[in-house]
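The structure under discussion appears below in the form of structure tokens.
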Amino acid sequence: MTQTGERRRPAEPGRRPRTEHARRVKARRGRRSVYDRRRTTRPARHKEMRRRWVALLSVLTVVALVYLLWFSSMLGVRQVDVVGASSVPAEQIRAAAAVPDQKPMLRLDTDDIRDQVAQMPGIATVDVSRSWPSTIEITVTERAAIAFFDSGPGGDGIHLVDGGGVVFKTVKERPAGLPELKLPSVSADDPVTRAVTGVLGVIPQQLLKQVTTATAKTPGSVEFALADGKTVRWGTSADTERKAKVLAALLTREGKVYDVSAPDLPTVS
């Protein structure tokens with residue numbers, strides 16, 4: 001009797017069926033793959049843990065620095081140095097600055113400190129800086145008197161005025177070597193005051209020493225009297241060098257009034 005279809009080959013002696021062998025090989029391969037995965041997973045986990053610790057330490061470091069710089073008194077103010085003060089006492093400047101003791105340096109408002117010191121009458125300019133780790137340095141430029149004015153009987157005394165027309169100090173006696181301002185009123189907001197003090201601030205020092213009084217009716221009509229009784233009509237503060245040279249030549253002539261307001265057409269009368 002003939003069989004149709006493929007006949008199944010009998011298994012060779014000592015040889016397991018192919019299906020069972022394949023299953024066991026596959027199982028062993030599966031076990032090795034699990035083991036390999038475990039071997040590769042452990043270092044990855046260690047690296048991840050290290051990264052997390054590094055990140056945590058970085059955050060803690062930043063937090064500590066922020067606390068140290070912004071909230072701790074460890075880097076707080078312990079000293080306030082004043083530079084450039086002579087006629088204005090340094091203690092008065094420190095009092096006006098009102099820098100809080102041991103306040104963290106970074107939290108100080110240096111602009112506010114500058115503005116407070118700048119309000120002092122005798123101070124022209126102020127610069128405030130931090131000098132680490134714990135010092136605030138206040139550098140000032142004091143106002144220099146270029147003239148004075150007397151408020152007269154019933155007034156509040158003799159006042160010193162700087163080159164910008166700012167009245168910054170009251171004294172008991174007339175200061176020697178400074179010209180007197182003969183003006184209805186003296187103020188830094190007054191254009192006439194600024195014009196007169198502006199001229200006194202730019203004329204040659206040798207000429208300034210001879211000036212006894214200065215006056216003007218308008219910003220362009222500045223004139224001053226000299227110690228020998230002569231009057232100089234200066235005009236505006238423009239063409240200072242040219243006017244000074246022309247005036248030096250004119251003063252060699254006889255006269256009472258020397259007009260150099262138009263230096264190309266000077267007159268003596």
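Just so we're on the same page: first chain in the structure tokens is A, next is B, and so on; residues restart at 1 for each chain, and ligands are numbered from 1 in the order they show up.
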
Where does DSSP see alpha helix (DSSP H) in region 103-231 of chain A, if you list the residues as a ChimeraX atom specification? /A:110-118,191-202,205-208

Same residues, C-alpha atoms, saved as a PDB file, in the first residue's frame:
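Result saved to part_30.pdb:
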```pdb
ATOM      1  CA  THR A 110      23.793 102.908  45.351  1.00  0.00           C
ATOM      2  CA  ASP A 111      21.756 105.339  43.239  1.00  0.00           C
ATOM      3  CA  ASP A 112      19.591 106.183  46.247  1.00  0.00           C
ATOM      4  CA  ILE A 113      22.688 106.739  48.411  1.00  0.00           C
ATOM      5  CA  ARG A 114      24.142 108.999  45.711  1.00  0.00           C
ATOM      6  CA  ASP A 115      20.955 111.056  45.468  1.00  0.00           C
ATOM      7  CA  GLN A 116      20.795 111.549  49.225  1.00  0.00           C
ATOM      8  CA  VAL A 117      24.384 112.810  49.420  1.00  0.00           C
ATOM      9  CA  ALA A 118      23.927 115.001  46.327  1.00  0.00           C
ATOM     10  CA  PRO A 191      19.512 132.784  33.789  1.00  0.00           C
ATOM     11  CA  VAL A 192      21.191 136.078  34.720  1.00  0.00           C
ATOM     12  CA  THR A 193      22.885 134.500  37.746  1.00  0.00           C
ATOM     13  CA  ARG A 194      24.132 131.602  35.639  1.00  0.00           C
ATOM     14  CA  ALA A 195      25.433 134.004  32.985  1.00  0.00           C
ATOM     15  CA  VAL A 196      27.438 136.056  35.498  1.00  0.00           C
ATOM     16  CA  THR A 197      28.910 133.077  37.330  1.00  0.00           C
ATOM     17  CA  GLY A 198      29.572 131.402  33.993  1.00  0.00           C
ATOM     18  CA  VAL A 199      31.693 134.368  32.870  1.00  0.00           C
ATOM     19  CA  LEU A 200      33.560 134.484  36.175  1.00  0.00           C
ATOM     20  CA  GLY A 201      34.296 130.803  35.754  1.00  0.00           C
ATOM     21  CA  VAL A 202      35.956 131.156  32.346  1.00  0.00           C
ATOM     22  CA  GLN A 205      42.614 133.730  36.731  1.00  0.00           C
ATOM     23  CA  GLN A 206      44.808 136.824  36.648  1.00  0.00           C
ATOM     24  CA  LEU A 207      41.824 138.921  35.576  1.00  0.00           C
ATOM     25  CA  LEU A 208      39.473 137.241  38.065  1.00  0.00           C
TER      26      LEU A 208
END
```

Gap from CA of Arg143 (chain A) to CA of Val128 (chain A) - Å, one decimal: 17.6 Å

Within 6 Å of region 218-225 of chain A, counting only C-alpha atoms, which residues show up once you throw out same-chain ones fewer than 6 positions away? Write them as a PDB file with C-alpha atoms, in the first residue's frame, please.
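result_25.pdb, freshly written:
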```pdb
ATOM      1  CA  VAL A 192      21.191 136.078  34.720  1.00  0.00           C
ATOM      2  CA  ALA A 195      25.433 134.004  32.985  1.00  0.00           C
ATOM      3  CA  VAL A 196      27.438 136.056  35.498  1.00  0.00           C
ATOM      4  CA  VAL A 211      37.334 141.687  39.860  1.00  0.00           C
ATOM      5  CA  THR A 212      35.583 143.192  42.889  1.00  0.00           C
ATOM      6  CA  THR A 231      34.501 148.814  34.509  1.00  0.00           C
ATOM      7  CA  VAL A 232      34.591 145.980  31.987  1.00  0.00           C
ATOM      8  CA  ARG A 233      31.600 145.238  29.758  1.00  0.00           C
ATOM      9  CA  TRP A 234      32.076 141.595  28.899  1.00  0.00           C
ATOM     10  CA  GLY A 235      28.760 140.577  27.341  1.00  0.00           C
ATOM     11  CA  THR A 236      28.263 136.787  27.113  1.00  0.00           C
TER      12      THR A 236
END
```

What does the distance from CA of Leu251 (chain A) to CA of Gly165 (chain A) come to in Å, to one decimal?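 Atom-to-atom, CA of Leu251 (chain A) and CA of Gly165 (chain A) are spaced 28.2 Å apart.
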